>>> print(open('protein.pdb').read())   # PDB, C-alpha atoms and all ligand atoms
ATOM      1  CA  MET A   1      10.419 -11.956 -18.437
ATOM      2  CA  ASN A   2       7.844 -10.379 -16.139
ATOM      3  CA  THR A   3       8.589  -6.805 -15.095
ATOM      4  CA  THR A   4       7.148  -5.637 -11.795
ATOM      5  CA  LEU A   5       7.015  -2.008 -10.707
ATOM      6  CA  ILE A   6       6.760  -1.453  -6.958
ATOM      7  CA  THR A   7       6.188   1.981  -5.447
ATOM      8  CA  GLY A   8       7.294   2.372  -1.843
ATOM      9  CA  ALA A   9       9.964  -0.303  -2.238
ATOM     10  CA  SER A  10      12.573   1.270   0.044
ATOM     11  CA  SER A  11      11.124  -0.061   3.303
ATOM     12  CA  GLY A  12       8.452  -2.117   5.019
ATOM     13  CA  LEU A  13       6.061  -4.158   2.924
ATOM     14  CA  GLY A  14       7.316  -2.831  -0.440
ATOM     15  CA  LEU A  15      10.867  -3.935   0.374
ATOM     16  CA  HIS A  16       9.696  -7.442   1.230
ATOM     17  CA  LEU A  17       7.579  -7.628  -1.907
ATOM     18  CA  ALA A  18      10.669  -6.694  -3.938
ATOM     19  CA  HIS A  19      12.545  -9.664  -2.441
ATOM     20  CA  ARG A  20       9.610 -12.005  -3.075
ATOM     21  CA  PHE A  21       9.009 -10.954  -6.676
ATOM     22  CA  ALA A  22      12.755 -11.267  -7.412
ATOM     23  CA  GLU A  23      12.597 -14.785  -5.948
ATOM     24  CA  LYS A  24       9.896 -15.537  -8.533
ATOM     25  CA  GLY A  25      12.226 -14.300 -11.287
ATOM     26  CA  HIS A  26      10.592 -10.930 -11.972
ATOM     27  CA  ASN A  27      12.652  -7.988 -13.197
ATOM     28  CA  LEU A  28      12.035  -5.041 -10.901
ATOM     29  CA  ILE A  29      11.454  -1.315 -11.147
ATOM     30  CA  LEU A  30      11.735   0.014  -7.613
ATOM     31  CA  VAL A  31      10.396   3.458  -6.776
ATOM     32  CA  ALA A  32      10.740   5.539  -3.586
ATOM     33  CA  ARG A  33      12.432   8.765  -2.468
ATOM     34  CA  SER A  34      15.397   7.207  -0.628
ATOM     35  CA  LEU A  35      17.971   6.221  -3.240
ATOM     36  CA  ASP A  36      20.400   4.965  -0.576
ATOM     37  CA  LYS A  37      17.852   2.457   0.743
ATOM     38  CA  LEU A  38      16.866   1.375  -2.775
ATOM     39  CA  SER A  39      20.547   0.860  -3.701
ATOM     40  CA  MET A  40      21.088  -1.270  -0.606
ATOM     41  CA  LEU A  41      18.018  -3.343  -1.477
ATOM     42  CA  LYS A  42      19.213  -3.820  -5.052
ATOM     43  CA  LYS A  43      22.590  -5.043  -3.765
ATOM     44  CA  GLN A  44      20.925  -7.522  -1.394
ATOM     45  CA  ILE A  45      18.600  -8.891  -4.071
ATOM     46  CA  LEU A  46      21.372  -9.274  -6.656
ATOM     47  CA  GLN A  47      23.389 -11.376  -4.198
ATOM     48  CA  ASN A  48      20.703 -14.058  -4.485
ATOM     49  CA  HIS A  49      18.842 -13.568  -7.766
ATOM     50  CA  SER A  50      19.730 -12.939 -11.405
ATOM     51  CA  VAL A  51      17.156 -10.319 -12.292
ATOM     52  CA  ASN A  52      17.330  -6.821 -13.741
ATOM     53  CA  ILE A  53      16.617  -4.043 -11.279
ATOM     54  CA  GLU A  54      16.054  -0.395 -12.139
ATOM     55  CA  LEU A  55      15.900   2.158  -9.344
ATOM     56  CA  ILE A  56      13.855   5.323  -9.620
ATOM     57  CA  ALA A  57      14.296   7.843  -6.809
ATOM     58  CA  LEU A  58      11.209   9.984  -6.971
ATOM     59  CA  ASP A  59       8.928  11.894  -4.658
ATOM     60  CA  LEU A  60       5.621  10.769  -6.121
ATOM     61  CA  THR A  61       3.745  13.674  -4.533
ATOM     62  CA  GLN A  62       5.695  16.238  -6.564
ATOM     63  CA  ASP A  63       4.024  17.741  -9.638
ATOM     64  CA  GLY A  64       4.841  15.780 -12.793
ATOM     65  CA  ALA A  65       6.251  12.768 -10.895
ATOM     66  CA  THR A  66       3.946  10.125 -12.387
ATOM     67  CA  GLU A  67       4.396  11.590 -15.869
ATOM     68  CA  GLU A  68       8.188  11.333 -15.396
ATOM     69  CA  LEU A  69       7.820   7.735 -14.210
ATOM     70  CA  THR A  70       5.494   6.563 -16.982
ATOM     71  CA  LYS A  71       7.657   8.263 -19.625
ATOM     72  CA  LYS A  72      10.706   6.350 -18.364
ATOM     73  CA  ILE A  73       8.779   3.094 -17.874
ATOM     74  CA  PRO A  74       5.921   2.986 -20.381
ATOM     75  CA  TYR A  75       4.826  -0.648 -19.803
ATOM     76  CA  VAL A  76       4.937  -3.177 -16.968
ATOM     77  CA  ALA A  77       3.439  -6.633 -16.511
ATOM     78  CA  THR A  78       2.757  -6.135 -12.798
ATOM     79  CA  LEU A  79       2.093  -2.868 -10.972
ATOM     80  CA  ILE A  80       2.163  -2.701  -7.192
ATOM     81  CA  ASN A  81       0.989   0.541  -5.606
ATOM     82  CA  CYS A  82       2.484   0.127  -2.153
ATOM     83  CA  ALA A  83       3.736   3.638  -1.258
ATOM     84  CA  GLY A  84       1.502   5.087   1.416
ATOM     85  CA  ARG A  85       1.455   7.663   4.193
ATOM     86  CA  GLY A  86      -0.793   9.057   6.911
ATOM     87  CA  ASN A  87      -0.883  11.411   9.892
ATOM     88  CA  PHE A  88      -2.253  10.553  13.313
ATOM     89  CA  GLY A  89      -4.019  13.340  15.201
ATOM     90  CA  LEU A  90      -7.005  15.649  15.181
ATOM     91  CA  THR A  91      -7.900  16.452  11.567
ATOM     92  CA  GLU A  92      -7.924  20.225  12.160
ATOM     93  CA  GLN A  93      -4.532  20.200  13.895
ATOM     94  CA  ILE A  94      -2.676  18.500  11.060
ATOM     95  CA  PRO A  95      -1.271  20.951   8.457
ATOM     96  CA  ILE A  96      -3.326  20.926   5.269
ATOM     97  CA  ASN A  97      -0.261  20.155   3.118
ATOM     98  CA  GLU A  98       0.112  16.892   5.074
ATOM     99  CA  HIS A  99      -3.497  15.960   4.271
ATOM    100  CA  ILE A 100      -2.947  16.836   0.610
ATOM    101  CA  ALA A 101       0.235  14.709   0.455
ATOM    102  CA  THR A 102      -1.712  11.745   1.896
ATOM    103  CA  ILE A 103      -4.523  12.144  -0.635
ATOM    104  CA  LYS A 104      -1.964  12.423  -3.457
ATOM    105  CA  LEU A 105       0.132   9.426  -2.477
ATOM    106  CA  ASN A 106      -2.702   7.120  -1.393
ATOM    107  CA  CYS A 107      -5.311   8.086  -4.030
ATOM    108  CA  GLU A 108      -4.118  10.277  -6.920
ATOM    109  CA  ILE A 109      -0.899   8.383  -7.655
ATOM    110  CA  PRO A 110      -2.474   4.882  -7.728
ATOM    111  CA  VAL A 111      -5.285   6.182  -9.955
ATOM    112  CA  LYS A 112      -2.767   7.738 -12.363
ATOM    113  CA  LEU A 113      -0.516   4.662 -12.464
ATOM    114  CA  CYS A 114      -3.429   2.208 -12.776
ATOM    115  CA  THR A 115      -4.946   4.262 -15.588
ATOM    116  CA  HIS A 116      -1.669   4.446 -17.484
ATOM    117  CA  TYR A 117      -0.457   0.867 -17.107
ATOM    118  CA  SER A 118      -3.847  -0.823 -17.478
ATOM    119  CA  LYS A 119      -4.187   0.437 -21.074
ATOM    120  CA  GLU A 120      -1.394  -1.808 -22.328
ATOM    121  CA  MET A 121      -2.424  -4.674 -20.028
ATOM    122  CA  LYS A 122      -5.945  -4.532 -21.428
ATOM    123  CA  ALA A 123      -4.657  -4.483 -25.022
ATOM    124  CA  LYS A 124      -2.400  -7.482 -24.318
ATOM    125  CA  LYS A 125      -5.109  -9.228 -22.307
ATOM    126  CA  SER A 126      -2.581  -9.863 -19.575
ATOM    127  CA  GLY A 127      -1.288  -8.125 -16.473
ATOM    128  CA  THR A 128      -1.627  -7.717 -12.729
ATOM    129  CA  ILE A 129      -2.330  -4.659 -10.595
ATOM    130  CA  ILE A 130      -1.981  -4.864  -6.834
ATOM    131  CA  ASN A 131      -3.107  -1.952  -4.708
ATOM    132  CA  ILE A 132      -2.077  -2.056  -1.073
ATOM    133  CA  VAL A 133      -5.174  -0.765   0.661
ATOM    134  CA  SER A 134      -5.799  -1.230   4.408
ATOM    135  CA  LEU A 135      -8.333  -2.610   6.834
ATOM    136  CA  GLY A 136      -8.368   1.042   7.949
ATOM    137  CA  GLY A 137     -10.257   1.828   4.733
ATOM    138  CA  TYR A 138     -13.225  -0.380   5.664
ATOM    139  CA  HIS A 139     -14.740   2.187   8.034
ATOM    140  CA  PRO A 140     -13.809   5.636   9.386
ATOM    141  CA  LEU A 141     -10.876   5.918  11.786
ATOM    142  CA  PRO A 142     -11.294   9.151  13.760
ATOM    143  CA  PHE A 143      -7.850  10.677  14.580
ATOM    144  CA  PHE A 144      -6.427   8.833  11.554
ATOM    145  CA  ASN A 145      -9.151  10.327   9.475
ATOM    146  CA  VAL A 146      -7.654  11.381   6.143
ATOM    147  CA  TYR A 147      -5.594   8.184   5.993
ATOM    148  CA  SER A 148      -8.691   6.066   6.522
ATOM    149  CA  ALA A 149     -10.729   8.105   4.026
ATOM    150  CA  SER A 150      -7.933   7.843   1.435
ATOM    151  CA  LYS A 151      -7.784   4.050   1.811
ATOM    152  CA  SER A 152     -11.562   3.874   1.581
ATOM    153  CA  PHE A 153     -11.309   5.692  -1.760
ATOM    154  CA  LEU A 154      -8.571   3.306  -2.911
ATOM    155  CA  LEU A 155     -10.664   0.306  -1.859
ATOM    156  CA  THR A 156     -13.688   1.403  -3.897
ATOM    157  CA  PHE A 157     -11.531   2.395  -6.871
ATOM    158  CA  THR A 158      -9.686  -0.942  -6.842
ATOM    159  CA  GLU A 159     -12.845  -3.045  -6.598
ATOM    160  CA  GLY A 160     -14.415  -1.156  -9.502
ATOM    161  CA  LEU A 161     -11.270  -1.445 -11.620
ATOM    162  CA  ALA A 162     -11.091  -5.195 -10.921
ATOM    163  CA  TYR A 163     -14.570  -5.585 -12.385
ATOM    164  CA  GLU A 164     -13.797  -3.439 -15.441
ATOM    165  CA  LEU A 165     -10.613  -5.343 -16.302
ATOM    166  CA  LYS A 166     -11.656  -8.890 -15.430
ATOM    167  CA  GLU A 167     -12.956  -9.668 -18.909
ATOM    168  CA  TYR A 168      -9.583  -8.570 -20.348
ATOM    169  CA  ASN A 169      -7.720 -11.087 -18.193
ATOM    170  CA  VAL A 170      -6.114  -8.340 -16.077
ATOM    171  CA  GLN A 171      -6.105  -9.329 -12.401
ATOM    172  CA  VAL A 172      -6.630  -6.359 -10.077
ATOM    173  CA  ILE A 173      -6.163  -7.027  -6.374
ATOM    174  CA  ASN A 174      -7.150  -5.048  -3.304
ATOM    175  CA  LEU A 175      -4.771  -6.332  -0.635
ATOM    176  CA  SER A 176      -5.879  -5.018   2.736
ATOM    177  CA  PRO A 177      -3.625  -5.686   5.705
ATOM    178  CA  GLY A 178      -4.443  -4.771   9.307
ATOM    179  CA  GLY A 179      -1.436  -3.729  11.386
ATOM    180  CA  ILE A 180       1.975  -4.595   9.904
ATOM    181  CA  LEU A 181       5.198  -4.399  11.885
ATOM    182  CA  THR A 182       6.936  -1.654   9.893
ATOM    183  CA  ASP A 183       8.084   1.926  10.544
ATOM    184  CA  PHE A 184       4.793   3.190   9.121
ATOM    185  CA  HIS A 185       3.335   3.777  12.608
ATOM    186  CA  LEU A 186       6.323   5.805  13.746
ATOM    187  CA  LYS A 187       6.341   7.875  10.541
ATOM    188  CA  SER A 188       2.600   8.540  10.837
ATOM    189  CA  GLY A 189       2.973   9.840  14.382
ATOM    190  CA  LEU A 190       1.002   6.943  15.846
ATOM    191  CA  PRO A 191       2.033   6.537  19.489
ATOM    192  CA  PRO A 192       4.544   3.672  19.876
ATOM    193  CA  ALA A 193       2.305   2.415  22.721
ATOM    194  CA  ILE A 194      -0.219   1.174  20.123
ATOM    195  CA  ALA A 195       2.322  -1.001  18.323
ATOM    196  CA  GLU A 196       3.741  -2.202  21.662
ATOM    197  CA  LYS A 197       0.329  -3.079  23.087
ATOM    198  CA  TYR A 198      -1.002  -4.752  19.956
ATOM    199  CA  GLU A 199       2.213  -6.229  18.560
ATOM    200  CA  LYS A 200       0.854  -9.782  18.886
ATOM    201  CA  LEU A 201      -2.101  -8.895  16.647
ATOM    202  CA  MET A 202       0.112  -7.404  13.946
ATOM    203  CA  GLN A 203       1.572  -9.262  10.989
ATOM    204  CA  THR A 204       5.120  -9.204   9.728
ATOM    205  CA  PRO A 205       5.639  -7.895   6.181
ATOM    206  CA  GLU A 206       6.753 -11.437   5.260
ATOM    207  CA  GLN A 207       3.368 -12.852   6.337
ATOM    208  CA  VAL A 208       1.525 -10.215   4.310
ATOM    209  CA  ALA A 209       3.703 -10.964   1.269
ATOM    210  CA  ASP A 210       2.970 -14.707   1.638
ATOM    211  CA  GLU A 211      -0.755 -14.017   1.636
ATOM    212  CA  LEU A 212      -0.419 -11.891  -1.499
ATOM    213  CA  PHE A 213       1.061 -14.875  -3.330
ATOM    214  CA  ASN A 214      -1.792 -17.110  -2.108
ATOM    215  CA  CYS A 215      -4.214 -14.512  -3.359
ATOM    216  CA  LEU A 216      -2.475 -14.350  -6.764
ATOM    217  CA  ARG A 217      -2.598 -18.140  -7.035
ATOM    218  CA  CYS A 218      -6.301 -18.284  -6.164
ATOM    219  CA  LYS A 219      -7.124 -15.452  -8.613
ATOM    220  CA  LYS A 220      -8.881 -13.460  -5.874
ATOM    221  CA  SER A 221      -9.555  -9.764  -6.373
ATOM    222  CA  SER A 222      -9.972  -8.740  -2.753
ATOM    223  CA  TRP A 223      -8.037 -10.035   0.206
ATOM    224  CA  VAL A 224      -7.861  -8.956   3.842
ATOM    225  CA  THR A 225      -4.666 -10.400   5.311
ATOM    226  CA  GLY A 226      -4.661 -12.245   8.642
ATOM    227  CA  ARG A 227      -7.459 -14.470   9.937
ATOM    228  CA  LEU A 228      -8.536 -12.137  12.737
ATOM    229  CA  ASN A 229      -8.545  -9.175  10.345
ATOM    230  CA  ARG A 230     -10.763 -11.136   7.948
ATOM    231  CA  ILE A 231     -13.217 -11.917  10.748
ATOM    232  CA  TYR A 232     -13.187  -8.245  11.808
ATOM    233  CA  ALA A 233     -13.812  -7.094   8.221
ATOM    234  CA  ILE A 234     -16.960  -9.269   8.103
ATOM    235  CA  VAL A 235     -18.229  -8.470  11.605
ATOM    236  CA  GLN A 236     -17.863  -4.683  11.246
ATOM    237  CA  LYS A 237     -20.127  -4.812   8.177
ATOM    238  CA  LEU A 238     -22.916  -6.352  10.264
ATOM    239  CA  LEU A 239     -22.743  -3.657  12.953
ATOM    240  CA  PRO A 240     -24.141  -0.091  12.756
ATOM    241  CA  ARG A 241     -21.497   2.120  11.101
ATOM    242  CA  ARG A 242     -21.982   4.830  13.747
ATOM    243  CA  TRP A 243     -21.133   2.293  16.442
ATOM    244  CA  VAL A 244     -18.077   0.967  14.597
ATOM    245  CA  THR A 245     -16.823   4.536  14.001
ATOM    246  CA  ALA A 246     -17.338   5.435  17.656
ATOM    247  CA  SER A 247     -15.437   2.398  18.905
ATOM    248  CA  ALA A 248     -12.543   3.075  16.504
ATOM    249  CA  GLY A 249     -12.588   6.714  17.689
ATOM    250  CA  LYS A 250     -12.515   5.657  21.326
ATOM    251  CA  PHE A 251      -9.632   3.272  20.609
ATOM    252  CA  TYR A 252      -7.477   6.043  19.074
ATOM    253  CA  LYS A 253      -8.631   8.783  21.480
ATOM    254  CA  ASP A 254      -7.156   6.816  24.355
ATOM    255  CA  PHE A 255      -3.751   7.203  22.708
ATOM    256  CA  MET A 256      -4.074  10.944  22.017
ATOM    257  CA  PRO A 257      -1.751  13.162  24.062
ATOM    258  CA  LYS A 258      -3.622  14.505  27.106
ATOM    259  CA  ASN A 259      -3.507  18.334  27.291
TER
HETATM  260  N1  LIG A 301       2.103  -0.727   8.472
HETATM  261  C1  LIG A 301       0.804  -0.960   8.626
HETATM  262  O1  LIG A 301       0.312  -1.217   9.730
HETATM  263  C2  LIG A 301      -0.096  -0.942   7.415
HETATM  264  C3  LIG A 301      -1.391  -1.480   7.547
HETATM  265  C4  LIG A 301      -2.229  -1.485   6.456
HETATM  266  C5  LIG A 301      -1.802  -0.969   5.255
HETATM  267  N2  LIG A 301      -0.557  -0.442   5.143
HETATM  268  C6  LIG A 301      -0.148   0.100   3.853
HETATM  269  O2  LIG A 301       0.950  -0.638   3.374
HETATM  270  C7  LIG A 301       1.734   0.181   2.499
HETATM  271  C8  LIG A 301       3.194   0.055   2.878
HETATM  272  O3  LIG A 301       3.362   0.590   4.170
HETATM  273  P1  LIG A 301       4.530   0.138   5.150
HETATM  274  O4  LIG A 301       3.902  -0.330   6.399
HETATM  275  O5  LIG A 301       5.489  -0.719   4.432
HETATM  276  O6  LIG A 301       5.151   1.582   5.470
HETATM  277  P2  LIG A 301       6.607   2.197   5.248
HETATM  278  O7  LIG A 301       7.653   1.287   5.746
HETATM  279  O8  LIG A 301       6.495   3.574   5.821
HETATM  280  O9  LIG A 301       6.729   2.292   3.652
HETATM  281  C9  LIG A 301       6.232   3.349   2.926
HETATM  282  C10 LIG A 301       6.939   3.388   1.597
HETATM  283  O10 LIG A 301       6.383   4.450   0.813
HETATM  284  C11 LIG A 301       7.449   5.259   0.326
HETATM  285  N3  LIG A 301       7.014   6.642   0.198
HETATM  286  C12 LIG A 301       6.502   7.433   1.169
HETATM  287  N4  LIG A 301       6.272   8.660   0.686
HETATM  288  C13 LIG A 301       6.647   8.640  -0.629
HETATM  289  C14 LIG A 301       6.652   9.604  -1.666
HETATM  290  N5  LIG A 301       6.227  10.850  -1.441
HETATM  291  N6  LIG A 301       7.107   9.264  -2.888
HETATM  292  C15 LIG A 301       7.557   7.989  -3.112
HETATM  293  N7  LIG A 301       7.556   7.025  -2.178
HETATM  294  C16 LIG A 301       7.117   7.353  -0.942
HETATM  295  C17 LIG A 301       8.553   5.135   1.377
HETATM  296  O11 LIG A 301       9.827   5.378   0.815
HETATM  297  P3  LIG A 301      10.666   6.737   0.948
HETATM  298  O12 LIG A 301      10.461   7.266   2.325
HETATM  299  O13 LIG A 301      12.049   6.298   0.638
HETATM  300  O14 LIG A 301      10.108   7.618  -0.114
HETATM  301  C18 LIG A 301       8.435   3.661   1.732
HETATM  302  O15 LIG A 301       9.147   2.877   0.814
HETATM  303  C19 LIG A 301       1.156   1.582   2.621
HETATM  304  O16 LIG A 301       0.313   1.851   1.526
HETATM  305  C20 LIG A 301       0.338   1.529   3.904
HETATM  306  O17 LIG A 301      -0.731   2.448   3.888
HETATM  307  C21 LIG A 301       0.311  -0.427   6.196
END
>>> encode(input="protein.pdb", output="structure tokens", more="lines below")
Ligand SMILES: NC(=O)c1ccc[n+]([C@@H]2O[C@H](COP(=O)([O-])OP(=O)(O)OC[C@H]3O[C@@H](n4cnc5c(N)ncnc54)[C@H](OP(=O)(O)O)[C@@H]3O)[C@@H](O)[C@H]2O)c1
Amino acid sequence: MNTTLITGASSGLGLHLAHRFAEKGHNLILVARSLDKLSMLKKQILQNHSVNIELIALDLTQDGATEELTKKIPYVATLINCAGRGNFGLTEQIPINEHIATIKLNCEIPVKLCTHYSKEMKAKKSGTIINIVSLGGYHPLPFFNVYSASKSFLLTFTEGLAYELKEYNVQVINLSPGGILTDFHLKSGLPPAIAEKYEKLMQTPEQVADELFNCLRCKKSSWVTGRLNRIYAIVQKLLPRRWVTASAGKFYKDFMPKN
């Protein structure tokens, strides 16, 4: 049976992906820091599906965390790097350890897990890697700067990896959502006014999960979720980058606390 490892499975998109992959009959390895939330999720899934679920409570930004994880779970058929974080605000006002944690979780950890698990996938000529990137990685987002830069790194890394592994029948997917209705915004310190004002333009985690399965079916390697987001991703490429950066900066600046 397929075994799927999902990082960031305790809430938001990762939690919904866990439900959806269980529905498809995958055994699950669920990773996040909050064991209580993971245990609750396991209980909910087992009420409806007969799959094996292993929970791993781990802070992936701690030294040695990925080594501990890959030692416990040496091989998987599907890897989903969904755990992510960010901090809203002026780059220089955010503590450096916060920036480092973002770079670790959004860049270093996916690179380590992709490198480890792709070896076996390549040898078996089978496997799937899904990296949850973001539309925010398609151009700079001033005031959400390190987050955007980290997702830009993950985007480039994922696209390159997809090319390298294609001939070995390993599907690597960059799934890039725009806004999703999760607690991510609150945790990142994004003003609730943004989510309130733009709620209608945001997707539910269920919608994003549905699009992932379409993408898997169509064997795509890069997918921006949501029709408007897809149009935006194309249009922003045609415009001068300086202009796109300035308009994103103006958008976020309007939500910055006024001193
Ligand atoms: N929400 C959006 O608008 C949006 C848009 C585009 C892309 N994304 C991306 O989608 C992914 C999922 O985000 P979400 O919206 O579902 O946010 P979320 O609800 O905040 O989920 C984040 C997940 O990451 C886990 N996590 C955070 N820090 C961790 C750490 N140090 N070690 C292990 N796990 C950690 C959290 O679990 P614990 O706290 O239990 O550790 C949680 O399960 C992220 O990569 C995000 O960048 C989100």
>>> closest_residue(input="protein.pdb", among="A:Pro240, A:Pro257, A:Pro192, A:Pro205", to="ligand LIG 301 (chain A)", atoms="only C-alpha atoms and all ligand atoms")
A:Pro205
>>> residues_near_ligand(input="protein.pdb", ligand="ligand LIG 301 (chain A)", cutoff="6 Å", atoms="all atoms listed in the file", output="PyMOL selection string")
chain A and resi 8-14+32-34+58-61+82-85+132-134+177-184
>>> closest_residue(input="protein.pdb", among="A:Met121, A:Val31, A:Ala193, A:Ala18", to="His49 in chain A", atoms="only C-alpha atoms")
A:Ala18
>>> axis_aligned_box(input="protein.pdb", around="range 93-103 of chain A", padding_each_side="4 Å", output="JSON")
{"center_x": -2.1, "center_y": 16.3, "center_z": 6.6, "size_x": 12.8, "size_y": 17.2, "size_z": 22.5}
>>> closest_residue(input="protein.pdb", among="A:Tyr138, A:Phe21, A:Tyr168, A:Tyr147", to="Arg230 in chain A", atoms="all atoms listed in the file")
A:Tyr138
>>> closest_residue(input="protein.pdb", among="A:Ala123, A:Cys107, A:Gln207, A:Tyr252", to="Arg227 in chain A", atoms="only C-alpha atoms")
A:Gln207
>>> closest_residue(input="protein.pdb", among="A:Leu212, A:Leu35, A:Cys218, A:Val224", to="Leu155 in chain A", atoms="only C-alpha atoms")
A:Val224
>>> residues_around(input="protein.pdb", residues="Pro110 in chain A", least_positions_apart="4", cutoff="8 Å", atoms="all atoms listed in the file", output="list in words")
Asn81, Leu105, Asn106, Cys114, Asn131 and Leu154 of chain A
>>> write_last_selection(input="protein.pdb", atoms="C-alpha atoms", output="PDB file, in the frame of the given file")
ATOM      1  CA  ASN A  81       0.989   0.541  -5.606  1.00  0.00           C
ATOM      2  CA  LEU A 105       0.132   9.426  -2.477  1.00  0.00           C
ATOM      3  CA  ASN A 106      -2.702   7.120  -1.393  1.00  0.00           C
ATOM      4  CA  CYS A 114      -3.429   2.208 -12.776  1.00  0.00           C
ATOM      5  CA  ASN A 131      -3.107  -1.952  -4.708  1.00  0.00           C
ATOM      6  CA  LEU A 154      -8.571   3.306  -2.911  1.00  0.00           C
TER       7      LEU A 154
END
>>> resolve_selection(input="protein.pdb", expression="the PyMOL selection byres (((chain A and resi 142) around 8) and not hetatm)", output="JSON, numbers by chain")
{"A": [90, 140, 141, 143, 144, 145, 245, 248, 249, 252]}
>>> resolve_selection(input="protein.pdb", expression="the PyMOL selection byres (((chain A and resi 163-165) around 12) and not hetatm)", output="PyMOL selection string")
chain A and resi 114-115+117-129+156-162+166-174+220-222
>>> write_last_selection(input="protein.pdb", atoms="C-alpha atoms", output="PDB file, keeping the file's coordinate frame")
ATOM      1  CA  CYS A 114      -3.429   2.208 -12.776  1.00  0.00           C
ATOM      2  CA  THR A 115      -4.946   4.262 -15.588  1.00  0.00           C
ATOM      3  CA  TYR A 117      -0.457   0.867 -17.107  1.00  0.00           C
ATOM      4  CA  SER A 118      -3.847  -0.823 -17.478  1.00  0.00           C
ATOM      5  CA  LYS A 119      -4.187   0.437 -21.074  1.00  0.00           C
ATOM      6  CA  GLU A 120      -1.394  -1.808 -22.328  1.00  0.00           C
ATOM      7  CA  MET A 121      -2.424  -4.674 -20.028  1.00  0.00           C
ATOM      8  CA  LYS A 122      -5.945  -4.532 -21.428  1.00  0.00           C
ATOM      9  CA  ALA A 123      -4.657  -4.483 -25.022  1.00  0.00           C
ATOM     10  CA  LYS A 124      -2.400  -7.482 -24.318  1.00  0.00           C
ATOM     11  CA  LYS A 125      -5.109  -9.228 -22.307  1.00  0.00           C
ATOM     12  CA  SER A 126      -2.581  -9.863 -19.575  1.00  0.00           C
ATOM     13  CA  GLY A 127      -1.288  -8.125 -16.473  1.00  0.00           C
ATOM     14  CA  THR A 128      -1.627  -7.717 -12.729  1.00  0.00           C
ATOM     15  CA  ILE A 129      -2.330  -4.659 -10.595  1.00  0.00           C
ATOM     16  CA  THR A 156     -13.688   1.403  -3.897  1.00  0.00           C
ATOM     17  CA  PHE A 157     -11.531   2.395  -6.871  1.00  0.00           C
ATOM     18  CA  THR A 158      -9.686  -0.942  -6.842  1.00  0.00           C
ATOM     19  CA  GLU A 159     -12.845  -3.045  -6.598  1.00  0.00           C
ATOM     20  CA  GLY A 160     -14.415  -1.156  -9.502  1.00  0.00           C
ATOM     21  CA  LEU A 161     -11.270  -1.445 -11.620  1.00  0.00           C
ATOM     22  CA  ALA A 162     -11.091  -5.195 -10.921  1.00  0.00           C
ATOM     23  CA  LYS A 166     -11.656  -8.890 -15.430  1.00  0.00           C
ATOM     24  CA  GLU A 167     -12.956  -9.668 -18.909  1.00  0.00           C
ATOM     25  CA  TYR A 168      -9.583  -8.570 -20.348  1.00  0.00           C
ATOM     26  CA  ASN A 169      -7.720 -11.087 -18.193  1.00  0.00           C
ATOM     27  CA  VAL A 170      -6.114  -8.340 -16.077  1.00  0.00           C
ATOM     28  CA  GLN A 171      -6.105  -9.329 -12.401  1.00  0.00           C
ATOM     29  CA  VAL A 172      -6.630  -6.359 -10.077  1.00  0.00           C
ATOM     30  CA  ILE A 173      -6.163  -7.027  -6.374  1.00  0.00           C
ATOM     31  CA  ASN A 174      -7.150  -5.048  -3.304  1.00  0.00           C
ATOM     32  CA  LYS A 220      -8.881 -13.460  -5.874  1.00  0.00           C
ATOM     33  CA  SER A 221      -9.555  -9.764  -6.373  1.00  0.00           C
ATOM     34  CA  SER A 222      -9.972  -8.740  -2.753  1.00  0.00           C
TER      35      SER A 222
END
>>> closest_residue(input="protein.pdb", among="A:His16, A:Lys187, A:Arg242, A:Lys200", to="Phe88 in chain A", atoms="only C-alpha atoms")
A:Lys187
>>> atom_distance(input="protein.pdb", atom1="CA of Leu17 in chain A", atom2="CA of Ala209 in chain A")
6.0 Å
>>> atom_distance(input="protein.pdb", atom1="CA of Glu67 in chain A", atom2="CA of Lys112 in chain A")
8.9 Å
>>> residues_around(input="protein.pdb", residues="range 23-26 of chain A", least_positions_apart="2", cutoff="8 Å", atoms="only C-alpha atoms", output="VMD selection string")
chain A and resid 1 to 4 19 to 21 28 49 to 51
>>> atom_distance(input="protein.pdb", atom1="CA of His139 in chain A", atom2="CA of Leu15 in chain A")
27.4 Å
